[in-house]
file protein-v6.csv (CSV, C-alpha atoms)
chain,number,residue,atom,x,y,z
A,1,MET,CA,9.8,-12.4,103.4
A,2,SER,CA,6.8,-12.3,101.1
A,3,THR,CA,5.3,-15.5,99.6
A,4,SER,CA,6.5,-14.4,96.1
A,5,ASN,CA,10.1,-14.0,97.4
A,6,LEU,CA,9.9,-17.4,99.2
A,7,ILE,CA,8.8,-19.1,96.0
A,8,LYS,CA,11.6,-17.4,94.0
A,9,SER,CA,14.1,-18.4,96.7
A,10,GLN,CA,12.9,-22.0,96.6
A,11,HIS,CA,13.2,-22.0,92.8
A,12,ARG,CA,16.8,-20.8,93.0
A,13,LEU,CA,17.6,-23.6,95.5
A,14,LEU,CA,16.0,-26.2,93.2
A,15,ARG,CA,18.1,-25.0,90.3
A,16,LEU,CA,21.3,-25.1,92.5
A,17,PHE,CA,20.4,-28.5,93.8
A,18,THR,CA,19.8,-29.9,90.3
A,19,PHE,CA,23.1,-28.2,89.1
A,20,SER,CA,25.1,-29.7,92.0
A,21,PHE,CA,23.6,-33.2,91.7
A,22,PHE,CA,24.4,-33.4,88.0
A,23,MET,CA,27.9,-32.3,88.7
A,24,THR,CA,28.3,-35.5,90.7
A,25,MET,CA,26.6,-37.4,87.9
A,26,GLY,CA,29.1,-36.0,85.5
A,27,ILE,CA,32.0,-37.3,87.6
A,28,VAL,CA,30.4,-40.7,87.9
A,29,VAL,CA,29.8,-41.1,84.2
A,30,THR,CA,32.9,-39.4,82.8
A,31,PHE,CA,35.7,-39.8,85.4
A,32,PHE,CA,35.0,-42.9,87.5
A,33,PRO,CA,36.1,-45.3,84.7
A,34,LEU,CA,39.3,-43.3,84.2
A,35,TYR,CA,39.9,-43.3,88.0
A,36,PHE,CA,39.5,-47.1,88.1
A,37,ASP,CA,41.8,-47.5,85.2
A,38,TYR,CA,44.3,-45.2,87.0
A,39,LYS,CA,44.0,-47.5,90.1
A,40,GLY,CA,45.1,-50.4,87.9
A,41,TYR,CA,41.9,-52.3,87.3
A,42,SER,CA,41.4,-54.1,83.9
A,43,LYS,CA,38.9,-53.1,81.3
A,44,LEU,CA,36.9,-56.3,82.1
A,45,GLN,CA,36.9,-55.4,85.8
A,46,ILE,CA,35.7,-51.8,85.0
A,47,GLY,CA,33.0,-53.3,82.8
A,48,LEU,CA,31.8,-55.5,85.6
A,49,LEU,CA,31.8,-52.6,88.0
A,50,TYR,CA,29.5,-50.6,85.7
A,51,ALA,CA,27.2,-53.5,84.9
A,52,ILE,CA,25.9,-53.4,88.5
A,53,GLY,CA,24.4,-49.9,88.1
A,54,PRO,CA,21.4,-50.7,85.9
A,55,LEU,CA,20.7,-53.9,87.9
A,56,ILE,CA,20.7,-52.1,91.2
A,57,GLY,CA,18.7,-49.2,89.7
A,58,ILE,CA,15.7,-51.5,89.0
A,59,ALA,CA,15.1,-52.3,92.7
A,60,THR,CA,16.4,-49.1,94.3
A,61,ASN,CA,14.3,-46.7,92.1
A,62,LEU,CA,11.1,-48.5,92.8
A,63,LEU,CA,11.9,-48.9,96.6
A,64,TRP,CA,12.7,-45.2,97.3
A,65,GLY,CA,10.0,-43.9,94.9
A,66,PHE,CA,7.4,-46.0,96.8
A,67,LEU,CA,8.7,-44.9,100.2
A,68,SER,CA,8.6,-41.2,99.1
A,69,ASP,CA,4.9,-41.6,98.1
A,70,ARG,CA,4.0,-43.8,101.0
A,71,PHE,CA,5.4,-41.3,103.6
A,72,GLN,CA,4.6,-38.2,101.5
A,73,THR,CA,8.1,-36.7,101.6
A,74,VAL,CA,10.7,-36.2,98.9
A,75,LYS,CA,13.2,-34.1,100.9
A,76,LYS,CA,13.7,-36.6,103.8
A,77,ILE,CA,14.2,-39.4,101.4
A,78,MET,CA,16.8,-37.4,99.4
A,79,ILE,CA,18.6,-36.5,102.6
A,80,ILE,CA,18.9,-40.2,103.4
A,81,LEU,CA,20.1,-41.0,99.9
A,82,ILE,CA,22.7,-38.2,99.7
A,83,ILE,CA,24.1,-39.1,103.1
A,84,GLY,CA,24.3,-42.7,101.9
A,85,GLN,CA,26.1,-41.5,98.8
A,86,LEU,CA,28.7,-39.6,100.8
A,87,ILE,CA,29.4,-42.5,103.1
A,88,THR,CA,29.6,-45.1,100.3
A,89,ALA,CA,31.7,-42.9,98.1
A,90,ILE,CA,34.3,-42.7,100.8
A,91,LEU,CA,34.2,-46.6,101.0
A,92,VAL,CA,34.6,-46.8,97.2
A,93,PHE,CA,37.7,-44.6,97.2
A,94,THR,CA,39.3,-46.5,100.1
A,95,ALA,CA,38.5,-50.0,99.0
A,96,GLY,CA,41.7,-52.0,98.6
A,97,TRP,CA,40.7,-54.9,96.5
A,98,PHE,CA,38.3,-55.6,93.6
A,99,SER,CA,35.6,-57.7,95.4
A,100,LEU,CA,35.3,-55.0,98.2
A,101,LEU,CA,35.2,-52.3,95.6
A,102,TYR,CA,32.4,-54.1,93.7
A,103,ILE,CA,30.3,-54.3,96.9
A,104,CYS,CA,31.0,-50.7,97.8
A,105,LEU,CA,30.1,-49.4,94.3
A,106,ALA,CA,26.9,-51.4,94.4
A,107,MET,CA,26.0,-49.7,97.7
A,108,PHE,CA,26.9,-46.3,96.1
A,109,PHE,CA,24.6,-46.9,93.2
A,110,PHE,CA,21.8,-48.0,95.6
A,111,PHE,CA,21.8,-44.5,97.0
A,112,GLN,CA,22.8,-42.6,93.9
A,113,GLN,CA,20.5,-44.0,91.2
A,114,PRO,CA,17.1,-42.8,92.7
A,115,VAL,CA,18.0,-39.2,93.3
A,116,ASN,CA,17.5,-38.3,89.6
A,117,SER,CA,13.8,-39.5,89.5
A,118,LEU,CA,13.1,-38.0,93.0
A,119,ASN,CA,14.5,-34.7,91.9
A,120,ASP,CA,12.2,-34.8,88.9
A,121,SER,CA,9.3,-35.5,91.2
A,122,GLN,CA,10.3,-32.6,93.5
A,123,LEU,CA,10.5,-30.3,90.4
A,124,MET,CA,7.2,-31.3,89.0
A,125,LEU,CA,5.4,-30.9,92.3
A,126,SER,CA,7.1,-27.6,93.2
A,127,ILE,CA,6.4,-25.8,89.9
A,128,ARG,CA,2.8,-27.1,89.5
A,129,ALA,CA,1.3,-23.9,91.0
A,130,SER,CA,3.8,-21.4,89.7
A,131,GLY,CA,3.3,-21.9,86.0
A,132,LYS,CA,7.1,-22.5,85.5
A,133,SER,CA,8.2,-25.3,83.2
A,134,TYR,CA,10.2,-28.4,84.1
A,135,ALA,CA,12.6,-27.7,81.3
A,136,SER,CA,13.6,-24.3,82.8
A,137,PHE,CA,14.9,-26.2,85.9
A,138,ARG,CA,16.2,-29.4,84.3
A,139,VAL,CA,18.5,-27.3,82.0
A,140,TRP,CA,20.6,-26.6,85.1
A,141,GLY,CA,21.3,-30.3,85.3
A,142,SER,CA,22.8,-30.2,81.8
A,143,ILE,CA,24.8,-27.1,82.7
A,144,GLY,CA,26.1,-28.9,85.8
A,145,PHE,CA,27.0,-32.0,83.8
A,146,ALA,CA,28.8,-29.9,81.2
A,147,VAL,CA,30.7,-27.9,83.8
A,148,SER,CA,31.7,-31.1,85.5
A,149,ALA,CA,32.9,-32.8,82.3
A,150,GLY,CA,34.7,-29.8,81.0
A,151,GLY,CA,35.9,-27.9,84.1
A,152,PHE,CA,36.8,-30.9,86.2
A,153,GLY,CA,38.4,-32.5,83.1
A,154,LEU,CA,40.9,-29.6,83.0
A,155,LEU,CA,41.6,-29.9,86.7
A,156,LEU,CA,42.3,-33.6,86.4
A,157,ARG,CA,44.5,-33.1,83.4
A,158,HIS,CA,46.5,-30.6,85.4
A,159,TYR,CA,46.6,-32.2,88.8
A,160,GLY,CA,46.1,-35.9,87.9
A,161,THR,CA,43.4,-38.5,88.0
A,162,GLY,CA,44.0,-39.0,91.7
A,163,LEU,CA,42.1,-35.7,92.4
A,164,THR,CA,38.8,-37.5,91.4
A,165,PRO,CA,37.8,-38.6,95.0
A,166,ILE,CA,38.2,-35.0,96.3
A,167,LEU,CA,36.0,-33.6,93.5
A,168,CYS,CA,33.4,-36.2,93.9
A,169,LEU,CA,33.1,-35.8,97.7
A,170,PHE,CA,33.0,-32.0,97.3
A,171,THR,CA,30.0,-32.1,94.9
A,172,ILE,CA,28.1,-34.6,97.1
A,173,THR,CA,28.7,-32.5,100.2
A,174,CYS,CA,27.4,-29.4,98.3
A,175,THR,CA,24.3,-31.3,97.3
A,176,LEU,CA,23.7,-32.5,100.8
A,177,ILE,CA,24.0,-28.9,102.2
A,178,LEU,CA,21.5,-27.6,99.6
A,179,VAL,CA,18.9,-30.3,100.2
A,180,PHE,CA,18.5,-29.2,103.8
A,181,PHE,CA,17.3,-25.8,102.6
A,182,LEU,CA,14.7,-27.2,100.1
A,183,LYS,CA,11.1,-27.1,101.0
A,184,ASP,CA,9.5,-30.5,101.0
A,185,ALA,CA,6.9,-30.5,98.1
A,186,ARG,CA,5.1,-33.5,99.5
A,187,GLN,CA,4.1,-32.2,103.0
A,188,SER,CA,0.5,-31.5,102.3
A,189,GLY,CA,-0.3,-34.0,99.6
A,190,LYS,CA,-2.8,-36.9,99.7
A,191,LYS,CA,-1.3,-40.0,101.2
A,192,MET,CA,-0.7,-42.8,98.7
A,193,ALA,CA,-2.9,-45.9,98.9
A,194,LEU,CA,-1.3,-49.2,97.7
A,195,GLY,CA,-4.4,-49.8,95.5
A,196,GLY,CA,-3.7,-46.6,93.7
A,197,MET,CA,-0.2,-47.7,93.0
A,198,LEU,CA,-1.5,-50.9,91.5
A,199,SER,CA,-3.9,-48.9,89.3
A,200,ILE,CA,-0.8,-47.2,87.7
A,201,LEU,CA,0.7,-50.5,86.9
A,202,ARG,CA,-2.7,-51.8,85.5
A,203,SER,CA,-3.1,-48.7,83.2
A,204,LYS,CA,-2.8,-49.9,79.6
A,205,LYS,CA,-1.9,-46.4,78.6
A,206,PHE,CA,0.9,-46.1,81.1
A,207,VAL,CA,2.3,-49.6,80.3
A,208,TRP,CA,2.2,-49.1,76.6
A,209,PHE,CA,4.0,-45.7,77.0
A,210,LEU,CA,6.7,-47.4,79.0
A,211,THR,CA,7.1,-50.1,76.3
A,212,LEU,CA,7.7,-47.4,73.7
A,213,VAL,CA,10.1,-45.7,76.1
A,214,ILE,CA,12.1,-48.9,76.5
A,215,ILE,CA,12.4,-49.4,72.7
A,216,MET,CA,13.5,-45.8,72.3
A,217,SER,CA,15.9,-46.0,75.2
A,218,VAL,CA,17.6,-49.2,74.1
A,219,SER,CA,18.7,-47.4,71.0
A,220,HIS,CA,19.8,-44.3,73.1
A,221,ARG,CA,21.8,-46.6,75.5
A,222,PHE,CA,23.5,-48.3,72.6
A,223,ASN,CA,25.2,-44.9,71.9
A,224,ASP,CA,25.9,-44.2,75.6
A,225,GLY,CA,27.5,-47.6,76.1
A,226,PHE,CA,29.5,-48.0,72.8
A,227,LEU,CA,30.3,-44.4,71.7
A,228,ALA,CA,33.8,-44.3,73.2
A,229,LEU,CA,34.6,-47.8,71.9
A,230,TYR,CA,33.3,-47.1,68.5
A,231,MET,CA,35.2,-43.8,68.3
A,232,ARG,CA,38.4,-45.5,69.4
A,233,GLN,CA,37.8,-48.2,66.8
A,234,LEU,CA,37.8,-45.4,64.2
A,235,GLY,CA,41.1,-44.1,65.5
A,236,ALA,CA,39.9,-41.2,67.8
A,237,PRO,CA,42.2,-40.0,70.6
A,238,ASP,CA,40.8,-39.6,74.1
A,239,SER,CA,40.6,-35.8,73.7
A,240,VAL,CA,38.2,-36.2,70.7
A,241,ILE,CA,36.1,-38.7,72.6
A,242,GLY,CA,35.8,-36.1,75.4
A,243,TYR,CA,34.8,-33.4,73.0
A,244,ALA,CA,32.0,-35.6,71.6
A,245,TRP,CA,30.6,-36.1,75.1
A,246,MET,CA,30.8,-32.4,75.9
A,247,ALA,CA,29.1,-31.5,72.6
A,248,SER,CA,26.1,-33.6,73.4
A,249,ALA,CA,25.8,-32.2,77.0
A,250,LEU,CA,26.1,-28.6,75.8
A,251,SER,CA,23.6,-29.1,73.0
A,252,GLU,CA,20.8,-29.9,75.5
A,253,ILE,CA,21.0,-26.4,77.0
A,254,PRO,CA,19.4,-24.3,74.3
A,255,MET,CA,16.8,-26.9,73.6
A,256,PHE,CA,15.7,-27.0,77.3
A,257,PHE,CA,15.4,-23.2,77.3
A,258,PHE,CA,13.4,-23.3,74.1
A,259,LEU,CA,11.0,-26.0,75.4
A,260,SER,CA,10.6,-24.1,78.7
A,261,LYS,CA,9.1,-21.2,76.8
A,262,HIS,CA,7.4,-22.9,73.8
A,263,GLY,CA,7.1,-26.6,74.6
A,264,HIS,CA,3.4,-26.2,75.6
A,265,ARG,CA,2.5,-25.3,72.0
A,266,PHE,CA,3.2,-28.9,70.9
A,267,LYS,CA,1.3,-32.1,71.6
A,268,GLU,CA,3.5,-34.6,73.5
A,269,LEU,CA,3.2,-37.8,71.5
A,270,PRO,CA,3.9,-36.2,68.0
A,271,LEU,CA,6.8,-34.4,69.6
A,272,LEU,CA,8.1,-37.7,70.9
A,273,ALA,CA,7.7,-39.2,67.5
A,274,PHE,CA,9.7,-36.3,66.0
A,275,ALA,CA,12.5,-37.0,68.5
A,276,ALA,CA,12.5,-40.7,67.6
A,277,ILE,CA,12.8,-39.9,63.9
A,278,ILE,CA,15.8,-37.6,64.6
A,279,TYR,CA,17.3,-40.4,66.7
A,280,ALA,CA,17.0,-42.7,63.7
A,281,LEU,CA,18.7,-40.1,61.4
A,282,ARG,CA,21.5,-39.6,64.0
A,283,PHE,CA,22.2,-43.3,64.4
A,284,PHE,CA,22.1,-44.1,60.7
A,285,ILE,CA,24.7,-41.3,60.1
A,286,MET,CA,26.8,-42.7,63.0
A,287,GLY,CA,26.8,-46.1,61.4
A,288,SER,CA,28.2,-44.8,58.1
A,289,ILE,CA,30.9,-42.5,59.5
A,290,HIS,CA,34.6,-43.2,58.9
A,291,ASN,CA,36.2,-40.1,60.4
A,292,PRO,CA,35.7,-39.9,64.2
A,293,VAL,CA,36.0,-36.1,64.2
A,294,TRP,CA,32.6,-35.9,62.4
A,295,ILE,CA,31.0,-37.6,65.3
A,296,ILE,CA,31.4,-34.4,67.3
A,297,GLY,CA,29.0,-32.7,64.9
A,298,VAL,CA,26.6,-35.6,64.9
A,299,GLN,CA,26.5,-35.5,68.7
A,300,LEU,CA,24.9,-32.0,68.5
A,301,LEU,CA,21.7,-33.8,67.3
A,302,HIS,CA,21.5,-34.9,71.0
A,303,SER,CA,19.5,-31.6,71.5
A,304,LEU,CA,16.8,-32.7,69.1
A,305,THR,CA,16.7,-36.3,70.4
A,306,PHE,CA,17.4,-36.7,74.1
A,307,GLY,CA,16.7,-33.0,74.8
A,308,VAL,CA,13.3,-33.2,73.3
A,309,PHE,CA,12.5,-36.7,74.5
A,310,LEU,CA,13.3,-36.2,78.2
A,311,ILE,CA,11.3,-33.0,78.6
A,312,THR,CA,8.4,-34.1,76.6
A,313,ALA,CA,8.2,-37.6,78.2
A,314,ASN,CA,8.2,-36.0,81.7
A,315,ARG,CA,5.5,-33.5,80.6
A,316,TYR,CA,3.3,-36.4,79.4
A,317,LEU,CA,3.8,-38.3,82.6
A,318,SER,CA,2.7,-35.3,84.6
A,319,GLN,CA,-0.6,-35.4,82.8
A,320,ILE,CA,-1.4,-39.1,83.3
A,321,ILE,CA,0.0,-39.7,86.9
A,322,PRO,CA,-1.7,-38.2,90.0
A,323,ASP,CA,0.4,-36.1,92.4
A,324,GLU,CA,0.2,-38.7,95.2
A,325,TYR,CA,1.8,-41.3,93.0
A,326,ARG,CA,4.4,-38.9,91.5
A,327,SER,CA,7.5,-40.4,92.9
A,328,SER,CA,6.5,-44.0,92.2
A,329,GLY,CA,5.5,-43.0,88.6
A,330,GLN,CA,8.8,-41.2,88.1
A,331,ALA,CA,10.7,-44.2,89.6
A,332,ILE,CA,8.9,-46.7,87.2
A,333,PHE,CA,9.8,-44.4,84.3
A,334,ALA,CA,13.4,-44.2,85.5
A,335,VAL,CA,13.6,-48.0,85.7
A,336,ALA,CA,12.2,-48.3,82.1
A,337,TRP,CA,14.3,-45.5,80.6
A,338,SER,CA,17.6,-46.3,82.4
A,339,SER,CA,17.8,-49.6,84.2
A,340,ILE,CA,15.8,-52.1,82.0
A,341,ALA,CA,16.9,-50.4,78.7
A,342,GLY,CA,20.5,-50.3,80.1
A,343,LEU,CA,20.6,-54.0,80.8
A,344,ILE,CA,19.1,-54.9,77.4
A,345,SER,CA,21.4,-52.5,75.5
A,346,GLY,CA,24.4,-53.7,77.3
A,347,MET,CA,23.8,-57.4,76.7
A,348,LEU,CA,22.4,-57.1,73.2
A,349,GLY,CA,24.7,-54.4,72.1
A,350,GLY,CA,27.8,-56.2,73.3
A,351,TRP,CA,26.8,-59.3,71.4
A,352,ILE,CA,26.1,-57.4,68.2
A,353,TYR,CA,29.3,-55.4,68.5
A,354,ASP,CA,31.5,-58.5,68.9
A,355,ALA,CA,29.7,-60.4,66.2
A,356,LEU,CA,28.9,-57.7,63.6
A,357,GLY,CA,30.8,-54.6,64.5
A,358,GLY,CA,30.0,-51.1,65.7
A,359,SER,CA,28.4,-49.9,62.5
A,360,THR,CA,25.7,-52.6,62.8
A,361,VAL,CA,25.0,-51.6,66.4
A,362,TYR,CA,24.1,-48.1,65.2
A,363,VAL,CA,22.1,-49.3,62.2
A,364,ILE,CA,20.0,-51.5,64.6
A,365,ALA,CA,19.6,-48.5,67.0
A,366,GLY,CA,18.3,-46.5,64.0
A,367,CYS,CA,15.7,-49.2,63.2
A,368,LEU,CA,14.6,-49.4,66.8
A,369,SER,CA,14.1,-45.6,66.8
A,370,ILE,CA,11.8,-45.9,63.7
A,371,VAL,CA,9.7,-48.5,65.5
A,372,ALA,CA,9.4,-46.1,68.5
A,373,ALA,CA,8.4,-43.2,66.2
A,374,ILE,CA,5.7,-45.3,64.5
A,375,GLY,CA,4.4,-46.4,68.0
A,376,PHE,CA,4.2,-42.8,69.3
A,377,LEU,CA,2.4,-41.6,66.2
A,378,ALA,CA,0.0,-44.6,66.2
A,379,THR,CA,-0.7,-44.0,69.9
A,380,HIS,CA,-1.5,-40.3,69.2
A,381,LEU,CA,-3.9,-41.2,66.4
A,382,PHE,CA,-5.7,-44.2,67.9
A,383,GLN,CA,-5.5,-44.3,71.7
A,384,ASN,CA,-8.5,-43.5,73.9
A,385,ASP,CA,-8.4,-40.8,76.6
A,386,GLU,CA,-7.8,-43.2,79.5
A,387,ARG,CA,-6.8,-41.3,82.7
A,388,LEU,CA,-5.5,-42.7,86.0
A,389,PRO,CA,-7.7,-41.8,89.0
A,390,GLY,CA,-6.7,-38.3,90.2
A,391,SER,CA,-4.7,-37.4,87.1
A,392,ARG,CA,-5.3,-34.2,85.2
call {"tool": "encode", "arguments": {"input": "protein-v6.csv", "output": "structure tokens"}}
result
Amino acid sequence: MSTSNLIKSQHRLLRLFTFSFFMTMGIVVTFFPLYFDYKGYSKLQIGLLYAIGPLIGIATNLLWGFLSDRFQTVKKIMIILIIGQLITAILVFTAGWFSLLYICLAMFFFFQQPVNSLNDSQLMLSIRASGKSYASFRVWGSIGFAVSAGGFGLLLRHYGTGLTPILCLFTITCTLILVFFLKDARQSGKKMALGGMLSILRSKKFVWFLTLVIIMSVSHRFNDGFLALYMRQLGAPDSVIGYAWMASALSEIPMFFFLSKHGHRFKELPLLAFAAIIYALRFFIMGSIHNPVWIIGVQLLHSLTFGVFLITANRYLSQIIPDEYRSSGQAIFAVAWSSIAGLISGMLGGWIYDALGGSTVYVIAGCLSIVAAIGFLATHLFQNDERLPGSR
């Protein structure tokens, strides 16, 4: 097979792997809570089960990202992680009492959380020489998530929530099979030195960017964590809540295709500021809504907020982080975007919701988005051109 055909084959495998992994993520996000409810656990117990994810993610993203850079392999690390997912998922679905389930789910998140950032690293490194865009691959994750949320939702409605374990184990098994066929993008890279890793953490530019990411992400996670509760408070049935989630997932797809072709025309920091401004608009509207059906339409703004933000932030990271620190940099970004922001939004948002109501949560989310927008614009106008050693 020619080199060109080999590259095309690997790109197809990367898209399939991303699609398959995000199908599993769709099950974890959308159907795990319903499955635990079906098994008879209380809402408080389900909340405790999901609180462990962001906390576990802080340590596990950094650990596996560091190991990937230290041993210059993404593929082997992902094989370990997905095998771990498969084993611990079986334990989750067979755990007989709550304390054991809590431990097993923590173990599952230990293996599941880092795969997203490692897949991003694999994509960034694999497409560097081909001229392809990250967005053209990441869009398959959104498609996989939407197919999982919609297609598996229909199956579960027809056959019952008890089918969830079979669907989850099926998607994890497919992902494991696919990862064995991927080419390891890290085989010939420079080996990471610990001093270089420390230089990333000492970079004022990188740390300031992460600070803005956390501010933006806290507002985003407010919506992730409290959307269903807010819609139910407004009188929405479960079906309408499901349509709102599906609308946001599907809305990402055209934006990812657009950015894959035209994203390079726009500077990263102003584009991030644009996304933050639309986030503010989206959340201010959410805070003033009285009919939950309107939220489905508002969720379509997800394409101009998260869709723009995710692709652009990863493009910015690819410019300021050298390849030999790619997995560690992506892991630190994932910790900031997901884990730290998830913990802050869960604790702060829950307190605000109980004390002042759901509308206030969204108003504060909008204010945080404005702060992030100002920060990104100010950074674009006033920052120096600091670069990490070895970055482009």
call {"tool": "residues_around", "arguments": {"input": "protein-v6.csv", "residues": "A:Leu271", "least_positions_apart": "2", "cutoff": "9 Å", "atoms": "all atoms listed in the file", "output": "PyMOL selection string"}}
result
chain A and resi 266-269+273-276+308-309+312+376
call {"tool": "atom_distance", "arguments": {"input": "protein-v6.csv", "atom1": "atom CA of A:Ile277", "atom2": "atom CA of A:Val240"}}
result
26.6 Å
call {"tool": "closest_residue", "arguments": {"input": "protein-v6.csv", "among": "A:Ser217, A:Gln112, A:Ser318, A:Ser126", "to": "A:Val74", "atoms": "only C-alpha atoms"}}
result
A:Ser126
call {"tool": "closest_residue", "arguments": {"input": "protein-v6.csv", "among": "A:Tyr279, A:Tyr325, A:Phe152, A:Phe180", "to": "A:Val28", "atoms": "all atoms listed in the file"}}
result
A:Phe152
call {"tool": "residues_near_point", "arguments": {"input": "protein-v6.csv", "point": "(33.7, -52.5, 88.0)", "cutoff": "9 Å", "atoms": "all atoms listed in the file", "output": "PyMOL selection string"}}
result
chain A and resi 33+36+41-52+98+101-102+105
call {"tool": "write_last_selection", "arguments": {"input": "protein-v6.csv", "atoms": "C-alpha atoms", "output": "mmCIF file, in the coordinates of the input"}}
result
data_model
loop_
_atom_site.group_PDB
_atom_site.id
_atom_site.type_symbol
_atom_site.label_atom_id
_atom_site.label_comp_id
_atom_site.auth_asym_id
_atom_site.auth_seq_id
_atom_site.Cartn_x
_atom_site.Cartn_y
_atom_site.Cartn_z
ATOM 1 C CA PRO A 33 36.100 -45.300 84.700
ATOM 2 C CA PHE A 36 39.500 -47.100 88.100
ATOM 3 C CA TYR A 41 41.900 -52.300 87.300
ATOM 4 C CA SER A 42 41.400 -54.100 83.900
ATOM 5 C CA LYS A 43 38.900 -53.100 81.300
ATOM 6 C CA LEU A 44 36.900 -56.300 82.100
ATOM 7 C CA GLN A 45 36.900 -55.400 85.800
ATOM 8 C CA ILE A 46 35.700 -51.800 85.000
ATOM 9 C CA GLY A 47 33.000 -53.300 82.800
ATOM 10 C CA LEU A 48 31.800 -55.500 85.600
ATOM 11 C CA LEU A 49 31.800 -52.600 88.000
ATOM 12 C CA TYR A 50 29.500 -50.600 85.700
ATOM 13 C CA ALA A 51 27.200 -53.500 84.900
ATOM 14 C CA ILE A 52 25.900 -53.400 88.500
ATOM 15 C CA PHE A 98 38.300 -55.600 93.600
ATOM 16 C CA LEU A 101 35.200 -52.300 95.600
ATOM 17 C CA TYR A 102 32.400 -54.100 93.700
ATOM 18 C CA LEU A 105 30.100 -49.400 94.300
#
call {"tool": "build_atoms", "arguments": {"input": "protein-v6.csv", "residues": "stretch 92-104 of chain A", "atoms": "N, CA and C atoms", "output": "tab-separated table (two decimals), in the frame of the given file"}}
result
chain	number	residue	atom	x	y	z
A	92	VAL	N	34.11	-46.45	98.51
A	92	VAL	CA	34.60	-46.80	97.20
A	92	VAL	C	36.01	-46.33	96.96
A	93	PHE	N	36.32	-45.13	97.42
A	93	PHE	CA	37.70	-44.60	97.20
A	93	PHE	C	38.72	-45.14	98.11
A	94	THR	N	38.30	-45.88	99.15
A	94	THR	CA	39.30	-46.50	100.10
A	94	THR	C	39.32	-47.99	99.98
A	95	ALA	N	38.47	-48.58	99.12
A	95	ALA	CA	38.50	-50.00	99.00
A	95	ALA	C	39.80	-50.51	98.41
A	96	GLY	N	40.35	-51.55	99.02
A	96	GLY	CA	41.70	-52.00	98.60
A	96	GLY	C	41.77	-53.10	97.65
A	97	TRP	N	40.68	-53.83	97.46
A	97	TRP	CA	40.70	-54.90	96.50
A	97	TRP	C	39.40	-54.98	95.74
A	98	PHE	N	39.40	-55.68	94.60
A	98	PHE	CA	38.30	-55.60	93.60
A	98	PHE	C	36.96	-56.05	94.22
A	99	SER	N	36.92	-57.17	94.92
A	99	SER	CA	35.60	-57.70	95.40
A	99	SER	C	35.01	-56.70	96.41
A	100	LEU	N	35.83	-56.05	97.25
A	100	LEU	CA	35.30	-55.00	98.20
A	100	LEU	C	34.83	-53.81	97.41
A	101	LEU	N	35.60	-53.41	96.40
A	101	LEU	CA	35.20	-52.30	95.60
A	101	LEU	C	33.85	-52.54	94.90
A	102	TYR	N	33.65	-53.75	94.42
A	102	TYR	CA	32.40	-54.10	93.70
A	102	TYR	C	31.21	-53.95	94.68
A	103	ILE	N	31.37	-54.42	95.91
A	103	ILE	CA	30.30	-54.30	96.90
A	103	ILE	C	30.05	-52.83	97.25
A	104	CYS	N	31.11	-52.08	97.45
A	104	CYS	CA	31.00	-50.70	97.80
A	104	CYS	C	30.34	-49.85	96.69
